[in-house]
Structure formats: structure tokens, C-alpha cells
Amino acid sequence: MSAFTVARIDLKRLAVRPFAWTLAGIALAMMAWQFLLGVSAFMHAPPAVPGAASGPGFTDTVVAPYLLNYIQLCLVIAPLITMQALAGERGAQRLALLTVSGASGAHIVFGKFIARLVFLWLLLIVVATLPLVLAHAAHPDWGQFAAALIASALCVAALTAIGIACSAFTPEPALAATAALLIGEGLSLIDAGVRITGGDAGWLGYLALHTHLAPAMRGLVRSEDIVYFLLIVALALALAIRRMGAERERG
Amino acid sequence: MAAKSPLLQLDHVSRRLGGREVLHDVSFSLQREDVLGLLGANGAGKSTTLSIVAGVLQPDAGSVRVENRVVNDDFRAIRDRIGWVPESVPLWPELTVIEALVACGSLRGLPKSARRLACERELARLDLQDVAHRLCGQLSLGQKRRVGLAQALLHEPDLLVLDEPGNGLDPVQTAQLRELIGKLKAGRGIILSSHELTEVEATCNRVVILQDGRVCHDAPLDGQRGRLDAQFRTIACQSASVVA
């Protein structure tokens, strides 16, 4: 119950902060621009050769790259929106206030995580409505669209959890954002070299975000991909809770 | 007949912070209806002592008991009996006063109806009705301190822990605070820190003086209240930068 109270407090605070609205505005403007570019490329693509198997459709050409762009954007937005979750609160003694008011370390971490995740998921919903505007004319593959949306939501959750963990471990919000950005980019680019040369990435490939996003963008939701994202969330939140538990001993 | 057990008992508490021993073997006790003033220079260990009493920090050695229950062993149960207001009052600047109080009540696990009543009671007690719908970030320091007190009193704690409550207040607000502390001590114990002798004289019936993390004096103020004897003044003045 305390976790939801903490989440409610943080959502209220996010809702009145110009920072969150500015971030959302910039993100939506960038995504709208990306969407228009995607639609334009789709409109000007050469028509499929008569008799050949049909080429990539609206979902392949526009929606999947568009959602992947949102993930790329979240590599930056998630650290920015999570950096103050714990790091900024510690100095102002608001974490101590939560602790003495009855919230445990786990409640605080879950509450902060839920609040930021709700913000980023709401943004994802708004982002996802843009392709829906053209659904009547473009006939998207709904299965593929749903798979891409699920993977995007899970990936955003993983990036948010990483941001919360970094915020728990560092005293400065800027440091937390930098650490979360580096980890996110690291997971995004870890297998980039192998991907470019076309070799087998092995375990590096398993760690990479792209490995677990690509099948979903083609419409394939695999349990191993879901487990991967949930493992990141669980590991990051467990580390953050552990750090919060040590707060009273460390001072 | 057995002696009445103290509301708060610190036994040989020590604590290191940043490699430095901030508290060394600190022991004192507080009875119900007592107002104990923790006096000392900046860096003497007052805030650390109060943070340990409030359960925000753990002691490295020794124990803190509230009505014979060790705070660290039973923190979840004991924190409901403690109200804490740190020096820099932690408020959510984006929430209104009433929203902040409701949130604190919710965190304390007060049922919705009781929460509403508790908020109204504290708004009235601390004269905050006029600013109930103002954002906490827009309040003056005196109002922020009163909101902090309201948050700490929502659950009617037995022990009230106030860190430098008079800091930054104007003379009128200081007088109001003293009057308030006098009313609040009924039925509970209050421990407050200060580096001003006059504030402790005016509000407390016992004083503990900390010097370099050690208790160098612990005694009740004399019966006339408001008169620290010469010995107290000498010790206090030895603590560098204490305002006499």
C-alpha cells in the first residue's frame, strides 16, 4: 500500500513539474517528426513488382522502426526522468521522511519505479496513437503492432529500473543520469560490431537490447525476450532496494 | 515501588560518519512530559543523535529504547510512536499543504476518515488553515516548520524529535513556537536540539550538553526555569561558537 502512496505522491509531483512536461513535449515532437519521415518514405517507396511476393507493409516500414526510435529516445529520457527519484530526494531528507513515515526501502523503490514507469508508458501510448491515426488507410498488421508495443513497454520498464538503481547508488542526480545513460547505451551497442559484420554475437548478443527487440518488431513475442526484460527489472530494483536498506547503516 | 521506566533511553550510543567518530558513548534518558534540550556547538553531534533517536540512522554501538523497546529491533512498530522534524524540513514543494499532510497520513497507514480528521486537527492546532491549499514550496520558513510539525504530529506520537526548531524564525514565530512546545508536551516527551541557551532555557526542563560527540553535562534546569546555573554556562561557553 505504501508503494502506491509513494507512487501517487511522485506522479502528482511529476504532473506539476515543468521539467516532465518539457521532456514529454520534446519527445512527442521528435516522435511526430520521425513518424512523418517514416510515412513519407513509405509513400514514396517504389511499388512492388507485379507477381512477386508482397513487400514489407506499413507495420514493417513505418511502425516497427518508429517504436524502435522511441526506445532509442528512452535511452535518454528514462535516465533524465529517474535521476532525481532517489538521488535528489536524499539530500533534501525526503527519503528519511518517507522512511520515518512508514515506507520501507522496497516500498520507496517500487513507488518511485511505478511513478516513472506510468509516465513513460503514458508517453508510449501517446506515441503509439500516431500510427493508429492512419490505421483505416494503411491496414497495419495488428498482431505485429501489438508484439512491438509489448516489447517496447517491457524495454521501457527495464530502462526505468536501471535509472532507479543508478539513482539509488549515486548522491548526485547528474551522476545517476550519466550512469543510467551509459548502461542503457552499453546494452544497446554491446553487440553492434558483430551485428555489422554479421557474425555470431554469442552471449554478448543475449545481453544486447536489440536481440530481444528485433523478434517482437517482426511480430514474434518470445518468452526468452520477456524473461530478459523482467530479469533486468528485477535485478535493478533488487539492487536499489538493497542500497536503500543500507542507507540507515551508512548514513 | 519500581521506578518509572523512561520514555526514551540512550545507552552508550556511538556512531561514525565519514570516518569520524561523531558520537561517543552517549547516554541519557527522557521521561514523559519532559522537554529535553540538546545543546552544543555546530558539529557537536546533536543532529546525528536526533537522527538515531528518530530511527533514520543506526548506531554503531549502544542502543536506543523507546519505552523499553529497542528502536533497531522493532523499528516498524516504534516509528509509529515517534514524530521527527529535521532541521531542513523535508516537504514536497509541488504538493499543497493539505495534499502533503494527507500523503503523510496515508504513509502512516491512517484510515481515510481518521486521516481527514487528523489533518484538520493539525491544521487547526498549528494555525495552517489559511495556507492549506498553498503549495509547500511557496511557504515561508516559519510556515514550513509548522507544516513539518503537523506532519510529525499526525499520528499523535509519544515522542517528538525536533532538530533546531527555532532556526531562522523571527521573534514572533519563536515565541509562538515556544508556546506550542509548552502545549505539545502534555502526554508526550519532547527532545529538541539547539545551539542557543536562551531557547533551551525558555522551553526545556532538562538539558544535555554535547561537546565533540560526548555528553559533558546532563541535568534538570533549576526549579525557576529559565536560569542555567554558572556551571552550565561555563560548559556551554567552552563549546566553541555556542551562543550564550
# chains A, B, ... in the order shown; residues from 1 in each chain; ligands from 1
>>> residues_around(residues="His24 of chain B", least_positions_apart="2", cutoff="6 Å", atoms="only C-alpha atoms", output="ChimeraX atom specification")
/B:14,26,213-214
>>> write_last_selection(atoms="C-alpha atoms", output="compact mmCIF listing (two decimals), in the first residue's frame")
# COMPACT_ATOMS: atom_id res chain seq x y z
CA SER B 14 28.38 5.67 19.35
CA VAL B 26 26.26 8.97 24.55
CA GLY B 213 30.15 13.91 20.37
CA ARG B 214 30.28 13.30 24.13
>>> residues_around(residues="segment 42-55 of chain B", least_positions_apart="2", cutoff="8 Å", atoms="only C-alpha atoms", output="MDAnalysis selection string")
(chainID A and resid 100 248) or (chainID B and resid 22:23 38:40 57:59 64 71:72 75 79 82:84 86 161:163 193 195 210:214 241:242)
>>> atom_distance(atom1="atom CA of Gly148 of chain B", atom2="atom CA of Val131 of chain B")
13.5 Å
>>> residues_around(residues="segment 87-95 of chain A", least_positions_apart="2", cutoff="8 Å", atoms="only C-alpha atoms", output="list in words")
Met83, Gln84, Ala85, Leu97, Leu98, Thr99, Ser167, Ala168, Phe169, Thr170, Pro171, Glu172, Pro173 and Ala176 of chain A; Ser88, Val89, Pro90, Leu91 and Trp92 of chain B
>>> select_by_dssp(residues="segment 85-204 of chain B", states="strand (DSSP E or B)", output="number ranges by chain")
B: 85, 96, 135, 159-162, 189-194, 196
>>> atom_distance(atom1="atom CA of Asn205 of chain B", atom2="atom CA of Gly166 of chain B")
16.9 Å
>>> residues_around(residues="segment 17-27 of chain A", least_positions_apart="2", cutoff="9 Å", atoms="only C-alpha atoms", output="list in words")
Lys12, Arg13, Leu14, Ala15, Ala29, Met30, Met31, Ala32, Tyr70, Leu73, Cys74, Ile77, Leu80, Ile81, Phe119, Leu120 and Leu123 of chain A; Glu94 of chain B
>>> write_last_selection(atoms="N, CA and C atoms", output="CSV table (one decimal), in the first residue's frame")
chain,number,residue,atom,x,y,z
A,12,LYS,N,1.9,12.9,-8.7
A,12,LYS,CA,1.4,14.3,-8.6
A,12,LYS,C,2.5,15.3,-8.8
A,13,ARG,N,3.7,15.0,-8.2
A,13,ARG,CA,4.8,15.9,-8.3
A,13,ARG,C,5.3,16.0,-9.8
A,14,LEU,N,5.3,14.9,-10.5
A,14,LEU,CA,5.7,14.9,-11.9
A,14,LEU,C,4.8,15.7,-12.7
A,15,ALA,N,3.5,15.6,-12.3
A,15,ALA,CA,2.4,16.3,-13.1
A,15,ALA,C,2.5,17.8,-13.0
A,29,ALA,N,7.3,15.7,-29.9
A,29,ALA,CA,7.6,16.5,-31.2
A,29,ALA,C,8.6,15.7,-32.0
A,30,MET,N,9.6,15.1,-31.4
A,30,MET,CA,10.6,14.3,-32.1
A,30,MET,C,10.0,13.1,-32.7
A,31,MET,N,9.1,12.4,-31.9
A,31,MET,CA,8.5,11.2,-32.4
A,31,MET,C,7.5,11.5,-33.6
A,32,ALA,N,6.8,12.7,-33.5
A,32,ALA,CA,5.9,13.1,-34.6
A,32,ALA,C,6.7,13.3,-35.9
A,70,TYR,N,11.5,5.2,-30.5
A,70,TYR,CA,11.0,5.6,-29.2
A,70,TYR,C,11.9,5.0,-28.1
A,73,LEU,N,15.0,6.9,-28.0
A,73,LEU,CA,14.8,8.2,-27.2
A,73,LEU,C,14.7,7.9,-25.7
A,74,CYS,N,14.1,6.8,-25.4
A,74,CYS,CA,14.0,6.4,-24.0
A,74,CYS,C,15.4,6.2,-23.3
A,77,ILE,N,15.6,9.7,-22.2
A,77,ILE,CA,14.5,10.2,-21.4
A,77,ILE,C,14.5,9.4,-20.0
A,80,LEU,N,16.9,10.7,-17.5
A,80,LEU,CA,16.5,12.1,-17.1
A,80,LEU,C,15.3,12.1,-16.1
A,81,ILE,N,14.4,11.2,-16.4
A,81,ILE,CA,13.2,11.3,-15.6
A,81,ILE,C,13.4,10.5,-14.2
A,119,PHE,N,4.6,7.3,-16.2
A,119,PHE,CA,4.9,8.5,-17.1
A,119,PHE,C,5.3,8.0,-18.4
A,120,LEU,N,6.3,7.1,-18.5
A,120,LEU,CA,6.9,6.7,-19.8
A,120,LEU,C,5.9,5.8,-20.6
A,123,LEU,N,3.5,8.1,-22.2
A,123,LEU,CA,4.1,8.7,-23.3
A,123,LEU,C,4.1,7.7,-24.5
B,94,GLU,N,6.0,20.5,-4.6
B,94,GLU,CA,5.0,20.5,-5.6
B,94,GLU,C,3.6,20.2,-5.1
>>> closest_residue(among="B:Leu117, B:Leu159, B:Ala41, B:Ile98", to="Cys136 of chain B", atoms="only C-alpha atoms")
B:Ile98
>>> closest_residue(among="A:Ser104, A:Val76, A:Ala240, A:Phe58", to="chain B", atoms="only C-alpha atoms")
A:Ser104
>>> residues_around(residues="Leu169 of chain B", least_positions_apart="3", cutoff="12 Å", atoms="only C-alpha atoms", output="list in words")
Ser140, Leu141, Gly142, Gln143, Lys144, Arg145, Arg146, Glu164, Pro165, Gly166, Val172, Gln173, Thr174, Ala175, Gln176, Leu177, Arg178 and Glu199 of chain B
>>> residues_around(residues="Leu37 of chain A", least_positions_apart="6", cutoff="10 Å", atoms="only C-alpha atoms", output="number ranges by chain")
A: 31, 43, 62, 66
>>> write_last_selection(atoms="N, CA and C atoms", output="CSV table (one decimal), in the first residue's frame")
chain,number,residue,atom,x,y,z
A,31,MET,N,9.1,12.4,-31.9
A,31,MET,CA,8.5,11.2,-32.4
A,31,MET,C,7.5,11.5,-33.6
A,43,MET,N,5.3,6.2,-48.5
A,43,MET,CA,4.5,6.7,-49.6
A,43,MET,C,5.3,6.8,-50.9
A,62,VAL,N,7.0,1.4,-41.3
A,62,VAL,CA,6.8,2.6,-40.5
A,62,VAL,C,6.7,2.4,-39.0
A,66,TYR,N,9.6,3.1,-36.1
A,66,TYR,CA,9.1,4.2,-35.3
A,66,TYR,C,9.1,3.9,-33.8
